[in-house]
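Colleague: One structure, as structure tokens, below. Some questions next.
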Amino acid sequence: MIKNIIADDLKSALKKIGAPEIDPVLEHPTNSAFGDYSTSTALKLTKILKKNPLTIAESILDNFPKRDQISKTEIIKPGFINFWISDTYLIKEVQKSAQGNFFFPQVHLGDNKKIIVEFAHPNTHKLFHIGHMRNISTGESIVRIFEAVGNKVIRANYQGDVGLHIAKCLYGIQSSKTDIKKLKNIQEKIEFIGKMYSAGTRAYEEDEKAKEKIIEINKMLYKKDQSIMDLWQETRQWSLDYFDAVYKRVDSHFDHFYFEGDLPERGIEIAEYALKKGILEKSQGAIVFNGKKYCLDTRVFINSLGFPTYEGKELALAEKEFSDFGLIDKCIHVVTPEQTSFFKVTFKVEELIDETKYKNKQYHLIYEWVKLKAGKMSSREGNIVEANWLIDQIKTKIKKQFKSDETTSEKLAIASVKYSFLKNSTQSVIAFDIDESISLNGNSGPYILYTYVRCQSVLKKENTGEFEKEINPEKLEKEELTLVRSIYQFGEIVEKSAHDFAPNIIANYLYDLASKYNLFYQKHQILKADAKTKNLRLLLTQAVGQIIKKGLYLLGIDTVEKM
């Protein structure tokens with residue numbers, strides 16, 4: 001990449017002028033009139049070299065090698081050095097992109113180049129809701145991005161299939177007069193257990209006798225009491241079948257499923273081992289981690305009844321994840337922010353148990369909550385926004401607005417949902433707006449896909465995918481040059497997205513690229529231009545189409561050929 005070449009040349013120049021060894025930072029100027037790259041290295045060396053930054057900048061450029069890829073360099077006050085990439089080099093990069101020949105710099109989180117991404121995490125006996133959709137969209141994109149930058153990625157899904165929420169649902173079912181054998185299909189079954197969970201939750205909070213019964217059911221689940229296990233196994237399978245259908249619908253899959261119900265016994269064993277080692281301690285009949293000396297919270301790993309908490313089971317989960325796939329460099333947990341304290345504590349306890357295996361090997365990728373503009377979701381109140389319902393609502397609107405067929409409408413609906421999440425930083429709370437998600441007048445999935453379809457339409461009219469190898473325009477129009485500069489940055493964008501665990505960097509790059517292409521399309525003839533100009537503009541069109549397709553793939557979104 002030209003960026004790396006400039007950085008290496010800067011290092012060489014700094015060495016020649018006797019400057020200390022540093023990694024020069026290169027950035028794209030906000031205003032393209034100031035070049036393709038800019039560095040403030042001279043400013044940072046002022047105190048060290050005790051010289052005027054302009055003087056330092058001049059010394060750097062005096063020792064900077066001449067390269068064909070760099071057409072111009074310039075110093076501006078108070079000491080920035082700006083670089084312009086030659087049009088010839090940029091066009092060659094466009095030609096590579098037009099053929100789908102992308103180079104993504106390697107981003108590895110360790111020597112093994114192997115990571116686990118743990119995402120989705122739906123609990124059985126509950127609905128797969130809009131928050132899970134943000135989770136699975138984020139996790140799927142992170143997987144694809146890290147694969148693109150040279151990693152082996154293991155897709156893991158940790159699902160809660162025991163615990164108080166299950167007991168509440170089973171209580172609701174037992175208290176209901178519904179004959180579950182008469183429930184005809186998975187949709188009826190899932191709607192039923194959703195209602196039963198809400199009913200069980202209300203009973204737990206409002207009826208003391210019901211609460212005692214639910215607590216007893218929870219104990220029976222941990223003891224694997226057969227009188228409750230048959231009902232648990234049947235209704236658990238309903239959830240798993242339902243989740244599997246959702247995964248297929250949104251084009252995600254998993255290499256391994258972990259279940260909370262498989263971990264209690266081993267969690268207790270590890271917690272007791274940690275107790276003997278002095279890592280955990282006894283407190284009021286429970287086994288806890290006293291986090292004060294590490295500036296962390298105190299959290300319970302085994303409760304006073306002898307059952308492992310979520311923390312206790314996490315110890316067993318970590319042991320399995322770090323042994324099932326050989327040596328891994330990082331386990332990335334895609335989980336909401338309320339689990340921040342939980343992960344800080346469990347990561348620390350695991351590190352204290354086995355520093356070599358766990359230290360700096362786990363990462364909590366926080367994604368924020370999703371709300372509808374109508375209000376907050378609540379499974380307790382029974383008005384949770386179920387993922388399939390949301391996709392179907394959007395699909396209905398898309399059919400009406402775009403008059404598209406079933407297959408296209410389905411892809412557009414899923415693209416609308418996923419892109420609405422991924423264009424935002426994972427740190428941002430989202431107020432999901434259905435109309436905004438399908439708008440062709442803003443930063444939306446359909447807008448990006450519309451641009452892709454436009455590119456393919458232009459290319460089909462010309463009926464060619466081959467262009468002259470040598471394209472040397474005498475002068476690029478403003479909109480052409482703007483597009484060219486955006487196209488060559490794609491590799492850097494993917495690299496930064498991986499480095500920052502941030503799919504939104506790719507999403508917003510695609511929106512910017514699509515906007516620039518549509519402006520170019522509006523202002524310039526393509527097919528009716530003279531032969532040389534037409535050739536260049538078709539090349540730009542093909543490159544933009546290829547980048548949009550690849551970029552959307554990295555976001556977990558399929559392209560469509562018509563709208």
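Residue numbering restarts at 1 for every chain of the structure tokens, chains are lettered A, B, ... in their displayed order, and ligands are numbered from 1 as they appear.
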Might you pull out every residue within 10 Å of Ser176 of chain A, with only C-alpha atoms counted and same-chain residues fewer than 5 positions away left off, and present them as a PyMOL selection string?
Modeller: chain A and resi 170-171+196+199
Colleague: Restricting it to C-alpha atoms, dump the selection as a PDB file, in the first residue's frame.
Modeller:
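Okay, selection18.pdb is ready:
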```pdb
ATOM      1  CA  LEU A 170     -41.997 -23.382  32.803  1.00  0.00           C
ATOM      2  CA  TYR A 171     -44.133 -22.185  35.725  1.00  0.00           C
ATOM      3  CA  MET A 196     -45.703 -17.825  29.321  1.00  0.00           C
ATOM      4  CA  ALA A 199     -46.878 -14.501  32.757  1.00  0.00           C
TER       5      ALA A 199
END
```
Colleague: Taking the DSSP assignment computed from this structure's backbone, write out as number ranges by chain all residues of segment 312-405 of chain A that belong to strand (DSSP E).
Modeller: A: 330-335, 362-366, 370-372
Colleague: With N, CA and C atoms retained, write the just-selected residues as an mmCIF file, in the first residue's frame.
Modeller:
```cif
data_model
loop_
_atom_site.group_PDB
_atom_site.id
_atom_site.type_symbol
_atom_site.label_atom_id
_atom_site.label_comp_id
_atom_site.auth_asym_id
_atom_site.auth_seq_id
_atom_site.Cartn_x
_atom_site.Cartn_y
_atom_site.Cartn_z
ATOM 1 N N LYS A 330 -7.432 -14.535 20.858
ATOM 2 C CA LYS A 330 -8.408 -13.660 21.499
ATOM 3 C C LYS A 330 -9.791 -14.293 21.413
ATOM 4 N N CYS A 331 -10.532 -14.147 22.488
ATOM 5 C CA CYS A 331 -11.951 -14.516 22.482
ATOM 6 C C CYS A 331 -12.743 -13.227 22.641
ATOM 7 N N ILE A 332 -13.506 -12.885 21.624
ATOM 8 C CA ILE A 332 -14.262 -11.632 21.596
ATOM 9 C C ILE A 332 -15.714 -11.926 21.960
ATOM 10 N N HIS A 333 -16.177 -11.319 23.038
ATOM 11 C CA HIS A 333 -17.544 -11.517 23.514
ATOM 12 C C HIS A 333 -18.392 -10.309 23.109
ATOM 13 N N VAL A 334 -19.373 -10.508 22.243
ATOM 14 C CA VAL A 334 -20.257 -9.420 21.804
ATOM 15 C C VAL A 334 -21.447 -9.372 22.760
ATOM 16 N N VAL A 335 -21.395 -8.441 23.713
ATOM 17 C CA VAL A 335 -22.377 -8.409 24.802
ATOM 18 C C VAL A 335 -22.670 -6.959 25.189
ATOM 19 N N GLN A 362 -8.927 -12.088 26.319
ATOM 20 C CA GLN A 362 -10.373 -11.945 26.219
ATOM 21 C C GLN A 362 -10.738 -10.476 26.025
ATOM 22 N N TYR A 363 -11.811 -10.258 25.277
ATOM 23 C CA TYR A 363 -12.211 -8.883 24.974
ATOM 24 C C TYR A 363 -13.736 -8.782 24.976
ATOM 25 N N HIS A 364 -14.235 -7.802 25.693
ATOM 26 C CA HIS A 364 -15.673 -7.534 25.745
ATOM 27 C C HIS A 364 -15.989 -6.454 24.712
ATOM 28 N N LEU A 365 -16.588 -6.847 23.594
ATOM 29 C CA LEU A 365 -17.014 -5.895 22.573
ATOM 30 C C LEU A 365 -18.423 -5.447 22.921
ATOM 31 N N ILE A 366 -18.521 -4.253 23.431
ATOM 32 C CA ILE A 366 -19.801 -3.725 23.914
ATOM 33 C C ILE A 366 -20.634 -3.198 22.747
ATOM 34 N N VAL A 370 -30.927 -1.178 21.700
ATOM 35 C CA VAL A 370 -31.755 -0.729 20.585
ATOM 36 C C VAL A 370 -33.149 -0.430 21.107
ATOM 37 N N LYS A 371 -33.670 0.701 20.709
ATOM 38 C CA LYS A 371 -35.034 1.070 21.067
ATOM 39 C C LYS A 371 -35.791 1.431 19.799
ATOM 40 N N LEU A 372 -37.075 1.220 19.810
ATOM 41 C CA LEU A 372 -37.912 1.783 18.757
ATOM 42 C C LEU A 372 -38.268 3.204 19.159
#
```
Colleague: Mind checking which residues fall within 10 Å of Phe347 of chain A, counting only C-alpha atoms, ignoring those fewer than 5 positions away in the same chain, and posting them as a list of chain:residue names?
Modeller: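 Within the cut-off, the hits are A:Glu314, A:Leu315, A:Ala318, A:Ser341, A:Phe342, A:Leu352, A:Ile353, A:Tyr358, A:Lys359, A:Asn360, A:Lys361, A:Gln362, A:Tyr363, A:His364.
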Colleague: Mind writing the picked residues with N, CA and C atoms as a PDB file, in the first residue's frame?
Modeller:
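Writing the result to part.pdb gives the following:
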```
ATOM      1  N   GLU A 314     -19.243 -19.121  33.843  1.00  0.00           N
ATOM      2  CA  GLU A 314     -18.330 -18.501  32.879  1.00  0.00           C
ATOM      3  C   GLU A 314     -16.926 -19.097  32.984  1.00  0.00           C
ATOM      4  N   LEU A 315     -16.520 -19.508  34.185  1.00  0.00           N
ATOM      5  CA  LEU A 315     -15.201 -20.132  34.356  1.00  0.00           C
ATOM      6  C   LEU A 315     -15.118 -21.422  33.545  1.00  0.00           C
ATOM      7  N   ALA A 318     -15.038 -20.515  29.701  1.00  0.00           N
ATOM      8  CA  ALA A 318     -13.716 -20.065  29.258  1.00  0.00           C
ATOM      9  C   ALA A 318     -12.777 -21.250  29.087  1.00  0.00           C
ATOM     10  N   SER A 341     -19.017  -5.032  34.303  1.00  0.00           N
ATOM     11  CA  SER A 341     -18.442  -5.456  35.580  1.00  0.00           C
ATOM     12  C   SER A 341     -18.240  -6.964  35.612  1.00  0.00           C
ATOM     13  N   PHE A 342     -19.231  -7.697  35.107  1.00  0.00           N
ATOM     14  CA  PHE A 342     -19.164  -9.156  35.047  1.00  0.00           C
ATOM     15  C   PHE A 342     -17.900  -9.614  34.325  1.00  0.00           C
ATOM     16  N   LEU A 352      -6.021 -15.010  36.976  1.00  0.00           N
ATOM     17  CA  LEU A 352      -5.372 -15.437  38.213  1.00  0.00           C
ATOM     18  C   LEU A 352      -5.281 -16.961  38.307  1.00  0.00           C
ATOM     19  N   ILE A 353      -6.242 -17.643  37.698  1.00  0.00           N
ATOM     20  CA  ILE A 353      -6.214 -19.109  37.679  1.00  0.00           C
ATOM     21  C   ILE A 353      -5.113 -19.613  36.733  1.00  0.00           C
ATOM     22  N   TYR A 358      -4.942 -17.147  29.798  1.00  0.00           N
ATOM     23  CA  TYR A 358      -6.010 -16.159  29.706  1.00  0.00           C
ATOM     24  C   TYR A 358      -5.588 -14.685  29.654  1.00  0.00           C
ATOM     25  N   LYS A 359      -4.407 -14.345  30.140  1.00  0.00           N
ATOM     26  CA  LYS A 359      -4.073 -12.922  30.266  1.00  0.00           C
ATOM     27  C   LYS A 359      -4.088 -12.224  28.903  1.00  0.00           C
ATOM     28  N   ASN A 360      -4.855 -11.132  28.846  1.00  0.00           N
ATOM     29  CA  ASN A 360      -5.006 -10.310  27.628  1.00  0.00           C
ATOM     30  C   ASN A 360      -5.568 -11.099  26.442  1.00  0.00           C
ATOM     31  N   LYS A 361      -6.244 -12.202  26.727  1.00  0.00           N
ATOM     32  CA  LYS A 361      -6.771 -13.030  25.645  1.00  0.00           C
ATOM     33  C   LYS A 361      -8.290 -12.880  25.462  1.00  0.00           C
ATOM     34  N   GLN A 362      -8.927 -12.088  26.319  1.00  0.00           N
ATOM     35  CA  GLN A 362     -10.373 -11.945  26.219  1.00  0.00           C
ATOM     36  C   GLN A 362     -10.738 -10.476  26.025  1.00  0.00           C
ATOM     37  N   TYR A 363     -11.811 -10.258  25.277  1.00  0.00           N
ATOM     38  CA  TYR A 363     -12.211  -8.883  24.974  1.00  0.00           C
ATOM     39  C   TYR A 363     -13.736  -8.782  24.976  1.00  0.00           C
ATOM     40  N   HIS A 364     -14.235  -7.802  25.693  1.00  0.00           N
ATOM     41  CA  HIS A 364     -15.673  -7.534  25.745  1.00  0.00           C
ATOM     42  C   HIS A 364     -15.989  -6.454  24.712  1.00  0.00           C
TER      43      HIS A 364
END
```
Colleague: Fewer than 5 positions away in the same chain doesn't count, so skip those; otherwise give me all residues within 12 Å of Lys223 of chain A, counting only C-alpha atoms, as an MDAnalysis selection string.
Modeller: chainID A and resid 162:163 216:218 228:229 261 264:265 306:307
Colleague: Please, which residues in segment 506-554 of chain A fall within 10 Å of segment 415-439 of chain A when counting only C-alpha atoms, and what is the closest atom pair and distance in Å to one decimal for each, ordered by chain then residue number, as CSV?
Modeller:
```
residue,atom,partner,partner_atom,distance
A:Ile506,CA,A:Lys423,CA,8.1
A:Ala507,CA,A:Lys423,CA,5.1
A:Asn508,CA,A:Lys423,CA,6.0
A:Tyr509,CA,A:Lys423,CA,9.4
A:Leu510,CA,A:Lys423,CA,9.7
A:Tyr511,CA,A:Lys423,CA,9.0
A:Leu552,CA,A:Ala415,CA,8.9
```
Colleague: Kindly save the residues from that selection, with N, CA and C atoms included, as a PDB file, in the first residue's frame.
Modeller:
```
ATOM      1  N   ILE A 506     -16.693   0.765   7.848  1.00  0.00           N
ATOM      2  CA  ILE A 506     -16.953   0.285   6.484  1.00  0.00           C
ATOM      3  C   ILE A 506     -18.303   0.794   5.994  1.00  0.00           C
ATOM      4  N   ALA A 507     -19.324   0.714   6.845  1.00  0.00           N
ATOM      5  CA  ALA A 507     -20.670   1.135   6.440  1.00  0.00           C
ATOM      6  C   ALA A 507     -20.685   2.589   5.981  1.00  0.00           C
ATOM      7  N   ASN A 508     -20.071   3.456   6.746  1.00  0.00           N
ATOM      8  CA  ASN A 508     -20.115   4.876   6.402  1.00  0.00           C
ATOM      9  C   ASN A 508     -19.190   5.226   5.241  1.00  0.00           C
ATOM     10  N   TYR A 509     -18.146   4.442   5.052  1.00  0.00           N
ATOM     11  CA  TYR A 509     -17.327   4.587   3.844  1.00  0.00           C
ATOM     12  C   TYR A 509     -18.164   4.251   2.614  1.00  0.00           C
ATOM     13  N   LEU A 510     -18.929   3.164   2.686  1.00  0.00           N
ATOM     14  CA  LEU A 510     -19.764   2.767   1.551  1.00  0.00           C
ATOM     15  C   LEU A 510     -20.806   3.832   1.225  1.00  0.00           C
ATOM     16  N   TYR A 511     -21.374   4.432   2.266  1.00  0.00           N
ATOM     17  CA  TYR A 511     -22.353   5.499   2.030  1.00  0.00           C
ATOM     18  C   TYR A 511     -21.685   6.688   1.347  1.00  0.00           C
ATOM     19  N   LEU A 552     -20.346  -4.682   1.430  1.00  0.00           N
ATOM     20  CA  LEU A 552     -21.592  -5.190   2.009  1.00  0.00           C
ATOM     21  C   LEU A 552     -21.418  -6.626   2.495  1.00  0.00           C
TER      22      LEU A 552
END
```
Colleague: Select from segment 45-242 of chain A everything DSSP, run on the backbone, classes as alpha helix (DSSP H), then give the selection as number ranges by chain.
Modeller: A: 46-49, 53-62, 87-98, 130-148, 164-175, 186-206, 208-222, 226-242
Colleague: Keeping only C-alpha atoms, write the selected residues as a compact mmCIF listing (two decimals), in the first residue's frame.
Modeller:
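Written output follows (again_29.txt):
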```txt
# COMPACT_ATOMS: atom_id res chain seq x y z
CA THR A 46 9.99 20.39 17.73
CA LYS A 47 10.77 19.98 21.43
CA ILE A 48 13.03 16.98 20.87
CA LEU A 49 15.15 18.52 18.10
CA PRO A 53 8.80 22.74 12.81
CA LEU A 54 9.02 24.30 9.34
CA THR A 55 12.79 23.79 9.37
CA ILE A 56 12.35 20.17 10.46
CA ALA A 57 9.73 19.60 7.74
CA GLU A 58 12.10 20.99 5.10
CA SER A 59 14.90 18.71 6.32
CA ILE A 60 12.58 15.71 6.12
CA LEU A 61 11.58 16.47 2.54
CA ASP A 62 15.22 17.13 1.55
CA ASP A 87 -3.13 9.99 -11.02
CA THR A 88 -1.37 7.13 -12.82
CA TYR A 89 -0.92 5.19 -9.59
CA LEU A 90 -4.50 5.88 -8.51
CA ILE A 91 -5.91 4.64 -11.82
CA LYS A 92 -3.93 1.40 -11.47
CA GLU A 93 -5.53 0.92 -8.04
CA VAL A 94 -8.96 1.53 -9.59
CA GLN A 95 -8.22 -1.14 -12.21
CA LYS A 96 -7.44 -3.65 -9.46
CA SER A 97 -10.66 -2.83 -7.64
CA ALA A 98 -12.67 -3.11 -10.86
CA ILE A 130 -34.32 -6.64 18.02
CA GLY A 131 -31.41 -6.47 20.47
CA HIS A 132 -30.32 -9.95 19.40
CA MET A 133 -30.51 -8.73 15.80
CA ARG A 134 -28.01 -6.00 16.58
CA ASN A 135 -25.83 -8.57 18.32
CA ILE A 136 -25.84 -11.10 15.51
CA SER A 137 -25.37 -8.39 12.87
CA THR A 138 -22.36 -7.02 14.73
CA GLY A 139 -20.85 -10.43 15.41
CA GLU A 140 -21.32 -11.67 11.85
CA SER A 141 -19.62 -8.56 10.46
CA ILE A 142 -16.72 -8.80 12.93
CA VAL A 143 -16.18 -12.43 11.85
CA ARG A 144 -16.08 -11.52 8.16
CA ILE A 145 -13.82 -8.51 8.69
CA PHE A 146 -11.27 -10.48 10.69
CA GLU A 147 -11.31 -13.27 8.13
CA ALA A 148 -10.63 -10.67 5.43
CA LEU A 164 -34.54 -18.32 36.73
CA HIS A 165 -35.92 -17.11 33.41
CA ILE A 166 -36.45 -20.73 32.33
CA ALA A 167 -38.16 -21.54 35.64
CA LYS A 168 -40.50 -18.58 35.17
CA CYS A 169 -41.47 -19.78 31.70
CA LEU A 170 -42.00 -23.38 32.80
CA TYR A 171 -44.13 -22.19 35.72
CA GLY A 172 -46.23 -20.19 33.28
CA ILE A 173 -46.68 -23.25 31.08
CA GLN A 174 -47.62 -25.48 34.03
CA SER A 175 -50.12 -22.89 35.23
CA ILE A 186 -42.96 -23.41 15.59
CA GLN A 187 -44.50 -19.94 15.31
CA GLU A 188 -47.40 -20.89 17.59
CA LYS A 189 -45.01 -22.56 20.02
CA ILE A 190 -42.67 -19.56 20.21
CA GLU A 191 -45.52 -17.09 20.65
CA PHE A 192 -46.84 -19.31 23.42
CA ILE A 193 -43.58 -19.55 25.40
CA GLY A 194 -43.10 -15.79 24.98
CA LYS A 195 -46.45 -15.22 26.66
CA MET A 196 -45.70 -17.83 29.32
CA TYR A 197 -42.39 -16.16 30.21
CA SER A 198 -44.18 -12.84 30.66
CA ALA A 199 -46.88 -14.50 32.76
CA GLY A 200 -44.29 -16.29 34.89
CA THR A 201 -42.33 -13.10 35.44
CA ARG A 202 -45.44 -11.24 36.61
CA ALA A 203 -46.33 -14.11 38.95
CA TYR A 204 -42.80 -14.14 40.39
CA GLU A 205 -43.01 -10.43 41.18
CA GLU A 206 -46.61 -10.29 42.40
CA GLU A 208 -45.24 -14.96 46.92
CA LYS A 209 -46.43 -18.56 46.54
CA ALA A 210 -45.73 -18.46 42.82
CA LYS A 211 -42.27 -17.08 43.56
CA GLU A 212 -41.54 -20.00 45.90
CA LYS A 213 -42.71 -22.47 43.26
CA ILE A 214 -40.54 -20.85 40.57
CA ILE A 215 -37.51 -21.00 42.86
CA GLU A 216 -38.24 -24.68 43.44
CA ILE A 217 -38.48 -25.30 39.67
CA ASN A 218 -35.12 -23.58 39.24
CA LYS A 219 -33.57 -25.97 41.82
CA MET A 220 -35.15 -28.93 40.03
CA LEU A 221 -33.55 -27.84 36.76
CA TYR A 222 -30.08 -27.71 38.30
CA GLN A 226 -36.91 -35.83 35.68
CA SER A 227 -40.34 -34.53 36.71
CA ILE A 228 -39.45 -31.18 35.07
CA MET A 229 -36.79 -32.26 32.55
CA ASP A 230 -39.21 -33.65 29.93
CA LEU A 231 -41.05 -30.34 29.69
CA TRP A 232 -37.75 -28.45 29.72
CA GLN A 233 -36.24 -30.55 26.93
CA GLU A 234 -39.30 -30.29 24.70
CA THR A 235 -39.70 -26.52 25.04
CA ARG A 236 -35.92 -25.98 24.83
CA GLN A 237 -35.94 -27.72 21.44
CA TRP A 238 -38.71 -25.41 20.27
CA SER A 239 -36.39 -22.48 20.95
CA LEU A 240 -33.41 -24.09 19.25
CA ASP A 241 -35.42 -24.85 16.11
CA TYR A 242 -36.72 -21.28 16.12
```
Colleague: Return the single residue from A:Arg485, A:Lys177, A:His121, A:Lys66 that is closest to Leu10 of chain A, with distances computed using only C-alpha atoms.
Modeller: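 Among A:Arg485, A:Lys177, A:His121, A:Lys66, it is A:Lys66 that comes nearest to Leu10 of chain A.
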Colleague: Taking into account only C-alpha atoms, which residue in the set A:Ile398, A:Leu459, A:Ala498, A:Leu14 is nearest to Val107 of chain A?
Modeller: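 Result for the nearest residue to Val107 of chain A: A:Ala498.
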Colleague: Under the rule that only C-alpha atoms are counted, which of A:Asp255, A:Asp297, A:Asp179, A:Glu272 is the nearest residue to Phe325 of chain A?
Modeller: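 Of A:Asp255, A:Asp297, A:Asp179, A:Glu272, the one nearest Phe325 of chain A is A:Asp255, counting only C-alpha atoms.
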Colleague: Given the choices A:Leu305, A:Ala543, A:Leu555, A:Leu538, which gets closest to Asn504 of chain A if the distance is worked out from only C-alpha atoms?
Modeller: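 Distance minimum relative to Asn504 of chain A lands on A:Leu555.
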Colleague: From the list A:Glu269, A:Glu410, A:Asp512, A:Asp558, which residue is nearest Lys397 of chain A when using only C-alpha atoms?
Modeller: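 Checking each candidate against Lys397 of chain A, we get A:Glu410 as the closest.
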Colleague: With only C-alpha atoms as the counted atoms, please give the residues lying no more than 8 Å from Ile81 of chain A, apart from itself and same-chain residues fewer than 4 positions off, as a compact mmCIF listing (two decimals) with C-alpha atoms, in the first residue's frame.
Modeller:
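Result saved to selection-v4.txt:
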```txt
# COMPACT_ATOMS: atom_id res chain seq x y z
CA SER A 38 -0.70 14.60 5.64
CA THR A 39 1.68 14.15 8.57
CA SER A 40 2.35 16.30 11.64
CA ALA A 42 7.69 17.70 12.20
CA ALA A 57 9.73 19.60 7.74
CA THR A 73 4.83 17.22 -1.74
CA GLU A 74 4.24 20.45 0.10
CA ILE A 75 4.88 22.01 3.51
CA ILE A 76 2.23 24.21 5.08
```
Colleague: For each of A:Asp8, A:Glu462, A:Glu350, A:Asp329, take the minimum atom-to-atom distance to Asn535 of chain A, counting only C-alpha atoms, then give the residue where this is smallest.
Modeller: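 Once distances to Asn535 of chain A are computed over only C-alpha atoms, the minimum belongs to A:Glu462.
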Colleague: In Å to one decimal, how far is atom CA of Leu536 of chain A from atom CA of Glu480 of chain A?
Modeller: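 That distance, rounded to one decimal, is 9.0 Å.
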Colleague: Between atom CA of Asp111 of chain A and atom CA of Leu554 of chain A, what is the distance in Å, rounded to a tenth?
Modeller: 23.4 Å
Colleague: Mind checking which residues fall within 9 Å of Tyr450 of chain A, counting only C-alpha atoms, ignoring those fewer than 2 positions away in the same chain, and posting them as a PDB file with C-alpha atoms, in the first residue's frame?
Modeller:
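Done, and the output landed in selection-v7.pdb:
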```pdb
ATOM      1  CA  LEU A 440     -33.455   6.039  -0.614  1.00  0.00           C
ATOM      2  CA  GLY A 445     -29.005  -0.251   3.182  1.00  0.00           C
ATOM      3  CA  PRO A 446     -31.397   0.212   0.241  1.00  0.00           C
ATOM      4  CA  TYR A 447     -29.560   3.400  -0.780  1.00  0.00           C
ATOM      5  CA  ILE A 448     -26.238   1.537  -0.956  1.00  0.00           C
ATOM      6  CA  TYR A 452     -24.872  -1.043  -6.698  1.00  0.00           C
ATOM      7  CA  VAL A 453     -27.833  -1.834  -8.971  1.00  0.00           C
ATOM      8  CA  ARG A 454     -27.249   1.433 -10.833  1.00  0.00           C
ATOM      9  CA  CYS A 455     -23.612   0.462 -11.445  1.00  0.00           C
ATOM     10  CA  VAL A 560     -29.416  -7.619  -5.247  1.00  0.00           C
ATOM     11  CA  LYS A 562     -32.604  -5.270  -9.337  1.00  0.00           C
ATOM     12  CA  MET A 563     -34.818  -2.994  -7.255  1.00  0.00           C
TER      13      MET A 563
END
```
